[in-house]
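*Asks:* If it helps, the file is called data-v1.cif and holds mmCIF, C-alpha atoms:
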data_data
loop_
_atom_site.label_atom_id
_atom_site.label_comp_id
_atom_site.auth_asym_id
_atom_site.auth_seq_id
_atom_site.Cartn_x
_atom_site.Cartn_y
_atom_site.Cartn_z
CA MET A 1 15.58 23.51 -8.75
CA GLN A 2 13.60 23.62 -12.00
CA SER A 3 15.00 20.22 -12.96
CA ASP A 4 13.82 18.77 -9.63
CA LEU A 5 10.37 20.25 -10.14
CA ARG A 6 10.20 18.76 -13.61
CA HIS A 7 11.17 15.37 -12.21
CA LEU A 8 8.45 15.61 -9.56
CA ALA A 9 5.83 16.73 -12.07
CA ASP A 10 6.81 13.92 -14.42
CA GLY A 11 6.64 11.46 -11.55
CA LEU A 12 3.17 12.64 -10.57
CA LEU A 13 1.87 12.31 -14.12
CA LYS A 14 3.32 8.83 -14.46
CA MET A 15 1.83 7.87 -11.10
CA LEU A 16 -1.61 9.13 -12.10
CA GLU A 17 -1.48 7.38 -15.47
CA SER A 18 -0.32 4.17 -13.82
CA ASP A 19 -3.27 4.27 -11.42
CA ARG A 20 -5.69 5.04 -14.25
CA ALA A 21 -4.36 2.17 -16.36
CA ARG A 22 -4.65 -0.23 -13.44
CA VAL A 23 -8.21 0.85 -12.65
CA ALA A 24 -9.20 0.56 -16.31
CA ALA A 25 -7.71 -2.94 -16.50
CA VAL A 26 -9.55 -4.11 -13.37
CA LEU A 27 -12.84 -2.63 -14.56
CA ALA A 28 -12.56 -4.12 -18.04
CA ASP A 29 -10.99 -7.49 -17.29
CA GLU A 30 -12.59 -8.35 -13.98
CA ILE A 31 -15.66 -6.38 -12.97
CA VAL A 32 -17.24 -5.82 -16.39
CA SER A 33 -16.68 -9.43 -17.48
CA VAL A 34 -18.15 -10.78 -14.25
CA MET A 35 -21.19 -8.51 -14.46
CA THR A 36 -21.70 -9.48 -18.12
CA MET A 37 -21.72 -13.15 -17.20
CA ALA A 38 -24.16 -12.44 -14.37
CA ARG A 39 -26.45 -10.67 -16.86
CA TYR A 40 -26.38 -13.69 -19.17
CA LEU A 41 -27.25 -15.99 -16.28
CA ILE A 42 -30.19 -13.79 -15.26
CA GLU A 43 -31.44 -13.61 -18.84
CA ASP A 44 -31.11 -17.39 -19.15
CA ALA A 45 -33.10 -17.86 -15.95
CA ALA A 46 -35.81 -15.52 -17.25
CA GLN A 47 -36.04 -17.47 -20.50
CA ARG A 48 -36.29 -20.76 -18.64
CA LEU A 49 -39.08 -19.39 -16.49
CA ALA A 50 -40.89 -18.16 -19.60
CA ARG A 51 -40.68 -21.68 -21.05
CA GLY A 52 -41.96 -23.18 -17.82
CA GLU A 53 -38.58 -24.69 -16.89
CA SER A 54 -38.78 -23.51 -13.30
CA GLU A 55 -36.55 -26.23 -11.84
CA GLU A 56 -33.29 -25.00 -13.45
CA ALA A 57 -33.90 -21.25 -13.11
CA PRO A 58 -32.98 -21.01 -9.38
CA GLU A 59 -29.50 -22.45 -10.05
CA ALA A 60 -28.81 -19.86 -12.76
CA LEU A 61 -29.99 -17.07 -10.45
CA GLN A 62 -27.80 -18.39 -7.63
CA ASN A 63 -24.76 -18.39 -9.93
CA ALA A 64 -25.56 -14.83 -10.99
CA SER A 65 -25.85 -13.77 -7.36
CA VAL A 66 -22.43 -15.24 -6.55
CA ARG A 67 -20.81 -13.44 -9.49
CA ILE A 68 -22.41 -10.11 -8.57
CA ARG A 69 -21.23 -10.51 -4.98
CA ASP A 70 -17.66 -11.21 -6.16
CA ALA A 71 -17.74 -8.17 -8.45
CA THR A 72 -19.00 -6.01 -5.59
CA HIS A 73 -16.17 -7.15 -3.32
CA ARG A 74 -13.59 -6.46 -6.06
CA ALA A 75 -15.04 -3.00 -6.68
CA LEU A 76 -14.87 -2.19 -2.96
CA ALA A 77 -11.28 -3.44 -2.82
CA LEU A 78 -10.39 -1.26 -5.79
CA CYS A 79 -11.96 1.78 -4.11
CA SER A 80 -9.94 1.03 -0.99
CA GLU A 81 -6.73 0.85 -3.01
CA LEU A 82 -7.43 4.20 -4.64
CA ARG A 83 -8.40 5.93 -1.41
CA PRO A 84 -8.79 3.88 1.79
CA LYS A 85 -12.08 4.96 3.38
CA VAL A 86 -10.77 4.18 6.84
CA LEU A 87 -8.01 6.73 6.28
CA ASP A 88 -10.62 9.50 6.10
CA ASP A 89 -12.94 8.03 8.73
CA LEU A 90 -10.53 6.83 11.43
CA GLY A 91 -7.10 8.13 10.47
CA LEU A 92 -3.68 6.84 9.40
CA LEU A 93 -2.99 4.54 12.36
CA ALA A 94 -6.24 2.65 11.88
CA ALA A 95 -5.64 2.46 8.12
CA LEU A 96 -2.15 1.04 8.67
CA ALA A 97 -3.41 -1.49 11.20
CA GLY A 98 -6.03 -2.68 8.74
CA TYR A 99 -3.51 -2.87 5.90
CA PHE A 100 -1.07 -4.89 8.03
CA ARG A 101 -3.84 -7.40 8.78
CA GLU A 102 -4.75 -7.70 5.11
CA PHE A 103 -1.11 -8.06 4.08
CA SER A 104 -0.52 -10.79 6.66
CA GLN A 105 -3.58 -12.70 5.50
CA GLU A 106 -2.48 -12.55 1.87
CA ASN A 107 1.24 -13.17 2.55
CA ARG A 108 1.36 -15.71 5.37
CA ALA A 109 5.04 -16.47 4.74
CA VAL A 110 6.00 -12.88 5.70
CA PHE A 111 5.82 -11.85 9.36
CA VAL A 112 4.97 -8.15 9.78
CA SER A 113 6.19 -6.41 12.93
CA PRO A 114 4.97 -2.79 13.24
CA ARG A 115 6.27 -0.33 15.81
CA ILE A 116 4.35 2.93 15.72
CA THR A 117 5.09 5.34 18.54
CA VAL A 118 3.26 8.45 17.41
CA ALA A 119 -0.28 9.63 18.06
CA GLU A 120 -2.68 10.39 15.24
CA SER A 121 -2.50 14.08 16.16
CA ASP A 122 1.29 14.07 15.64
CA ILE A 123 0.89 13.44 11.91
CA PRO A 124 -0.11 16.37 9.66
CA ALA A 125 -3.20 15.65 7.59
CA GLY A 126 -1.29 16.36 4.38
CA LEU A 127 1.18 13.55 5.08
CA LYS A 128 -1.21 10.75 5.98
CA LEU A 129 -1.99 9.56 2.47
CA ALA A 130 1.68 9.79 1.43
CA ILE A 131 2.81 7.71 4.42
CA PHE A 132 0.11 5.13 3.77
CA ARG A 133 1.12 4.87 0.09
CA VAL A 134 4.80 4.52 0.95
CA VAL A 135 4.08 1.69 3.39
CA GLN A 136 1.70 0.07 0.90
CA ALA A 137 4.25 0.23 -1.94
CA ALA A 138 7.11 -0.95 0.27
CA LEU A 139 5.23 -3.99 1.58
CA SER A 140 4.01 -4.82 -1.91
CA ASN A 141 7.64 -4.71 -2.99
CA VAL A 142 8.56 -7.05 -0.13
CA ALA A 143 5.88 -9.55 -1.16
CA ARG A 144 6.78 -9.45 -4.87
CA HIS A 145 10.55 -9.19 -4.93
CA SER A 146 12.36 -9.56 -1.60
CA LYS A 147 11.80 -13.25 -0.73
CA ALA A 148 11.77 -12.04 2.87
CA SER A 149 10.33 -13.89 5.84
CA ALA A 150 10.00 -10.81 8.04
CA VAL A 151 9.43 -7.08 7.63
CA ARG A 152 9.42 -4.33 10.25
CA VAL A 153 7.68 -0.97 9.98
CA PHE A 154 8.64 1.96 12.20
CA LEU A 155 6.89 5.31 12.52
CA SER A 156 8.20 7.66 15.18
CA MET A 157 8.88 11.27 16.07
CA PHE A 158 12.43 12.32 16.91
CA GLU A 159 13.00 15.96 17.79
CA ASP A 160 11.43 17.84 14.86
CA GLU A 161 11.35 14.95 12.38
CA LEU A 162 8.70 12.37 11.59
CA ARG A 163 10.55 9.19 10.67
CA LEU A 164 9.27 6.19 8.74
CA GLY A 165 11.30 3.04 8.23
CA ILE A 166 10.48 -0.23 6.47
CA GLU A 167 13.06 -3.00 6.56
CA ASP A 168 13.10 -6.64 5.55
CA ASN A 169 15.42 -9.63 5.74
CA GLY A 170 15.15 -10.51 2.06
CA VAL A 171 17.58 -10.78 -0.81
CA GLY A 172 18.33 -7.04 -0.99
CA PHE A 173 19.58 -5.35 -4.16
CA ASP A 174 22.39 -3.20 -5.56
CA VAL A 175 21.42 0.37 -4.62
CA GLU A 176 24.02 2.06 -6.84
CA ARG A 177 22.98 0.03 -9.84
CA TRP A 178 19.36 1.01 -9.23
CA ARG A 179 20.27 4.71 -8.88
CA ASN A 180 22.21 4.67 -12.13
CA ARG A 181 19.31 3.19 -14.03
CA ARG A 182 17.01 6.00 -15.27
CA ASN A 183 18.31 8.28 -12.49
CA GLY A 184 16.80 6.03 -9.87
CA ARG A 185 13.25 6.88 -10.80
CA ASP A 186 12.02 3.42 -11.70
CA GLY A 187 12.41 -0.20 -10.75
CA CYS A 188 10.72 -2.52 -8.27
CA GLY A 189 8.37 0.18 -6.97
CA LEU A 190 11.21 2.17 -5.41
CA GLY A 191 10.73 5.06 -7.81
CA MET A 192 7.09 5.31 -6.74
CA ILE A 193 8.12 5.41 -3.08
CA GLN A 194 10.71 8.08 -3.79
CA ARG A 195 8.18 10.23 -5.62
CA TRP A 196 5.57 9.96 -2.85
CA VAL A 197 8.13 11.07 -0.26
CA GLU A 198 9.55 13.92 -2.31
CA VAL A 199 6.17 15.23 -3.45
CA SER A 200 5.04 15.36 0.19
CA GLY A 201 8.11 17.40 1.17
CA GLY A 202 10.23 14.64 2.68
CA ARG A 203 13.60 13.01 2.12
CA CYS A 204 14.00 9.39 1.13
CA HIS A 205 16.93 6.99 1.55
CA PHE A 206 17.40 3.37 0.44
CA GLU A 207 19.88 1.06 2.09
CA ALA A 208 20.42 -2.53 0.98
CA ILE A 209 22.99 -5.28 0.83
CA PRO A 210 22.48 -8.10 -1.67
CA ARG A 211 21.21 -11.20 0.17
CA HIS A 212 21.04 -9.28 3.48
CA GLY A 213 17.88 -7.22 3.31
CA THR A 214 16.64 -3.75 2.49
CA ARG A 215 15.76 -0.68 4.52
CA ILE A 216 13.68 2.26 3.28
CA SER A 217 13.83 5.46 5.32
CA ALA A 218 11.69 8.56 4.91
CA LEU A 219 12.00 11.76 6.94
CA TRP A 220 9.71 14.77 7.16
CA ARG A 221 10.62 17.98 9.01
CA MET A 222 7.73 18.96 11.27
CA PRO A 223 6.57 22.51 12.04
CA ALA A 224 7.22 23.58 15.62
CA ALA A 225 3.52 23.26 16.45
CA VAL A 226 3.34 19.66 15.26
CA GLY A 227 5.14 16.83 17.00
CA ALA A 228 7.00 16.64 20.28
CA SER A 229 10.71 16.70 21.00
CA GLU A 230 10.52 13.29 22.67
CA PRO A 231 9.03 10.14 21.14
CA SER A 232 5.53 9.53 22.48
CA GLU A 233 4.29 6.22 23.86
CA ALA A 234 2.61 3.83 21.47
CA ALA A 235 -0.66 5.46 20.56
CA ASN A 236 -2.30 2.41 19.08
CA PRO A 237 -1.72 -0.98 20.75
CA ALA A 238 -3.15 -2.73 17.69
CA VAL A 239 -0.31 -1.31 15.60
CA ALA A 240 2.64 -0.89 17.97
CA ALA A 241 4.85 -3.92 18.45
CA GLY A 242 8.41 -5.09 18.00
CA PRO A 243 11.91 -4.02 19.05
CA ALA A 244 13.69 -0.72 18.51
CA GLU A 245 15.03 0.50 15.19
CA GLY A 246 18.33 -0.40 13.55
CA ARG A 247 19.85 -1.53 10.29
CA ALA A 248 17.99 -4.22 8.37
CA HIS A 249 20.97 -6.49 7.85
CA ASP A 250 22.07 -6.16 11.50
CA ARG A 251 18.77 -7.11 13.06
CA MET A 252 17.04 -9.62 10.82
#
Starting from the file, give its structure as structure tokens.
*Replies:*
Amino acid sequence: MQSDLRHLADGLLKMLESDRARVAAVLADEIVSVMTMARYLIEDAAQRLARGESEEAPEALQNASVRIRDATHRALALCSELRPKVLDDLGLLAALAGYFREFSQENRAVFVSPRITVAESDIPAGLKLAIFRVVQAALSNVARHSKASAVRVFLSMFEDELRLGIEDNGVGFDVERWRNRRNGRDGCGLGMIQRWVEVSGGRCHFEAIPRHGTRISALWRMPAAVGASEPSEAANPAVAAGPAEGRAHDRM
């Protein structure tokens, strides 16, 4: 028990440090450098105006405006990655729908088929961020490593369990080899997914066959007052789509 707690605590610290390092890198390498260049352009325009060179100043100001706009968009995107605002404002289902749209726009070679058959009220508030992060990490893994052409995301309630599944038709991997490497806590984003699930009180399972796809399953036991014994109808038509669940390598 104490060993498990130490693993979870270590995972949380690594996760926090990873996020901090990523934010620092984006701020230093992207946003700060862009804003610095915009400052130089504005100062150049001011100097030109002071010298009476009014014809070239508008172009420098326009370039500065474009750079500031790009930096603003990147800052907003970074804020969304750290804590999606829509998750707090509209809930998990809306946040997932928005993320699926963004993922599809950025990864046009991968077809995303969500099937979400729970209502927003079925999902405890304490699990919403964890579920979003698991889906986010899993789809990022698909885009970066799987070479898949299709991925399916399932979120449903069965009896007293909330079940999340993400499966793809990509190259798969050797699960046992991954587990034996650093106790299965690292590698291809799977360790991050495992930590999010465990920290939030769930159970996580990976299933894969090399060259035949991967399936990630996460289960959370629901209190009696939360969730129904029968799966509910699709609560969000913008998110729900696709056929019923099954094994990744059997259905892709």
*Asks:* Once the PyMOL selection byres ((chain A and resi 113) around 8) has been evaluated on this model, what residues remain selected, and can you format them as a list in words?
*Replies:*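 Output of the PyMOL selection byres ((chain A and resi 113) around 8): Phe111, Val112, Pro114, Arg115, Ala150, Val151, Arg152, Val153, Ala241 and Gly242 of chain A.
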*Asks:* For atom CA of A:His205 and atom CA of A:Phe154, quote the distance in Å rounded to one decimal.
*Replies:*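 Going from atom CA of A:His205 over to atom CA of A:Phe154 covers 14.4 Å.
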*Asks:* Need to verify the contact set: stretch 64-70 of chain A, 6 Å, all atoms listed in the file, exclusion of same-chain residues closer than 3 positions in sequence. Can you return it as a PyMOL selection string?
*Replies:* chain A and resi 38+41+61+73
*Asks:* Run the PyMOL selection byres ((chain A and resi 216) around 8) mentally over the shown coordinates, then write out the matched residues as a PDB file with C-alpha atoms, in the coordinates of the input, using the chain letters and numbers from the document.
*Replies:*
ATOM      1  CA  ALA A 138       7.110  -0.950   0.270  1.00  0.00           C
ATOM      2  CA  GLY A 165      11.300   3.040   8.230  1.00  0.00           C
ATOM      3  CA  ILE A 166      10.480  -0.230   6.470  1.00  0.00           C
ATOM      4  CA  GLU A 167      13.060  -3.000   6.560  1.00  0.00           C
ATOM      5  CA  CYS A 204      14.000   9.390   1.130  1.00  0.00           C
ATOM      6  CA  HIS A 205      16.930   6.990   1.550  1.00  0.00           C
ATOM      7  CA  PHE A 206      17.400   3.370   0.440  1.00  0.00           C
ATOM      8  CA  GLU A 207      19.880   1.060   2.090  1.00  0.00           C
ATOM      9  CA  THR A 214      16.640  -3.750   2.490  1.00  0.00           C
ATOM     10  CA  ARG A 215      15.760  -0.680   4.520  1.00  0.00           C
ATOM     11  CA  SER A 217      13.830   5.460   5.320  1.00  0.00           C
ATOM     12  CA  ALA A 218      11.690   8.560   4.910  1.00  0.00           C
TER      13      ALA A 218
END
*Asks:* What's the separation between atom CA of A:Met192 and atom CA of A:Ala137, in Å to one decimal place?
*Replies:*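 Atom-to-atom, atom CA of A:Met192 and atom CA of A:Ala137 are spaced 7.5 Å apart.
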*Asks:* Go through A:Ile209, A:Met157, A:Ile131, A:Val32 and flag the residue nearest A:Arg195, using all atoms listed in the file for the distances.
*Replies:*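 That would be A:Ile131, the residue with the smallest distance to A:Arg195.
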*Asks:* Place N, CA and C atoms on stretch 125-145 of chain A and deliver the coordinates as a PDB file, in the coordinates of the input.
*Replies:*
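Saved to selection_7.pdb:
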ATOM      1  N   ALA A 125      -2.205  16.249   8.483  1.00  0.00           N
ATOM      2  CA  ALA A 125      -3.200  15.650   7.590  1.00  0.00           C
ATOM      3  C   ALA A 125      -2.655  15.476   6.177  1.00  0.00           C
ATOM      4  N   GLY A 126      -1.821  16.429   5.735  1.00  0.00           N
ATOM      5  CA  GLY A 126      -1.290  16.360   4.380  1.00  0.00           C
ATOM      6  C   GLY A 126      -0.290  15.248   4.146  1.00  0.00           C
ATOM      7  N   LEU A 127       0.195  14.626   5.222  1.00  0.00           N
ATOM      8  CA  LEU A 127       1.180  13.550   5.080  1.00  0.00           C
ATOM      9  C   LEU A 127       0.564  12.158   5.183  1.00  0.00           C
ATOM     10  N   LYS A 128      -0.655  12.073   5.653  1.00  0.00           N
ATOM     11  CA  LYS A 128      -1.210  10.750   5.980  1.00  0.00           C
ATOM     12  C   LYS A 128      -1.336   9.854   4.760  1.00  0.00           C
ATOM     13  N   LEU A 129      -1.848  10.383   3.666  1.00  0.00           N
ATOM     14  CA  LEU A 129      -1.990   9.560   2.470  1.00  0.00           C
ATOM     15  C   LEU A 129      -0.614   9.169   1.930  1.00  0.00           C
ATOM     16  N   ALA A 130       0.338  10.092   1.926  1.00  0.00           N
ATOM     17  CA  ALA A 130       1.680   9.790   1.430  1.00  0.00           C
ATOM     18  C   ALA A 130       2.328   8.675   2.242  1.00  0.00           C
ATOM     19  N   ILE A 131       2.221   8.745   3.569  1.00  0.00           N
ATOM     20  CA  ILE A 131       2.810   7.710   4.420  1.00  0.00           C
ATOM     21  C   ILE A 131       2.145   6.370   4.164  1.00  0.00           C
ATOM     22  N   PHE A 132       0.828   6.379   4.040  1.00  0.00           N
ATOM     23  CA  PHE A 132       0.110   5.130   3.770  1.00  0.00           C
ATOM     24  C   PHE A 132       0.575   4.536   2.434  1.00  0.00           C
ATOM     25  N   ARG A 133       0.703   5.364   1.403  1.00  0.00           N
ATOM     26  CA  ARG A 133       1.120   4.870   0.090  1.00  0.00           C
ATOM     27  C   ARG A 133       2.547   4.343   0.113  1.00  0.00           C
ATOM     28  N   VAL A 134       3.418   4.994   0.855  1.00  0.00           N
ATOM     29  CA  VAL A 134       4.800   4.520   0.950  1.00  0.00           C
ATOM     30  C   VAL A 134       4.839   3.142   1.610  1.00  0.00           C
ATOM     31  N   VAL A 135       4.118   2.988   2.712  1.00  0.00           N
ATOM     32  CA  VAL A 135       4.080   1.690   3.390  1.00  0.00           C
ATOM     33  C   VAL A 135       3.469   0.636   2.477  1.00  0.00           C
ATOM     34  N   GLN A 136       2.382   0.993   1.811  1.00  0.00           N
ATOM     35  CA  GLN A 136       1.700   0.070   0.900  1.00  0.00           C
ATOM     36  C   GLN A 136       2.641  -0.377  -0.231  1.00  0.00           C
ATOM     37  N   ALA A 137       3.342   0.572  -0.850  1.00  0.00           N
ATOM     38  CA  ALA A 137       4.250   0.230  -1.940  1.00  0.00           C
ATOM     39  C   ALA A 137       5.437  -0.579  -1.450  1.00  0.00           C
ATOM     40  N   ALA A 138       5.956  -0.239  -0.265  1.00  0.00           N
ATOM     41  CA  ALA A 138       7.110  -0.950   0.270  1.00  0.00           C
ATOM     42  C   ALA A 138       6.764  -2.404   0.600  1.00  0.00           C
ATOM     43  N   LEU A 139       5.615  -2.623   1.235  1.00  0.00           N
ATOM     44  CA  LEU A 139       5.230  -3.990   1.580  1.00  0.00           C
ATOM     45  C   LEU A 139       4.865  -4.801   0.334  1.00  0.00           C
ATOM     46  N   SER A 140       4.274  -4.143  -0.652  1.00  0.00           N
ATOM     47  CA  SER A 140       4.010  -4.820  -1.910  1.00  0.00           C
ATOM     48  C   SER A 140       5.321  -5.253  -2.563  1.00  0.00           C
ATOM     49  N   ASN A 141       6.311  -4.390  -2.462  1.00  0.00           N
ATOM     50  CA  ASN A 141       7.640  -4.710  -2.990  1.00  0.00           C
ATOM     51  C   ASN A 141       8.245  -5.900  -2.255  1.00  0.00           C
ATOM     52  N   VAL A 142       8.063  -5.931  -0.941  1.00  0.00           N
ATOM     53  CA  VAL A 142       8.560  -7.050  -0.130  1.00  0.00           C
ATOM     54  C   VAL A 142       7.930  -8.359  -0.601  1.00  0.00           C
ATOM     55  N   ALA A 143       6.598  -8.335  -0.773  1.00  0.00           N
ATOM     56  CA  ALA A 143       5.880  -9.550  -1.160  1.00  0.00           C
ATOM     57  C   ALA A 143       6.280 -10.024  -2.555  1.00  0.00           C
ATOM     58  N   ARG A 144       6.541  -9.090  -3.464  1.00  0.00           N
ATOM     59  CA  ARG A 144       6.780  -9.450  -4.870  1.00  0.00           C
ATOM     60  C   ARG A 144       8.227  -9.768  -5.175  1.00  0.00           C
ATOM     61  N   HIS A 145       9.169  -9.101  -4.491  1.00  0.00           N
ATOM     62  CA  HIS A 145      10.550  -9.190  -4.930  1.00  0.00           C
ATOM     63  C   HIS A 145      11.560  -9.657  -3.872  1.00  0.00           C
TER      64      HIS A 145
END
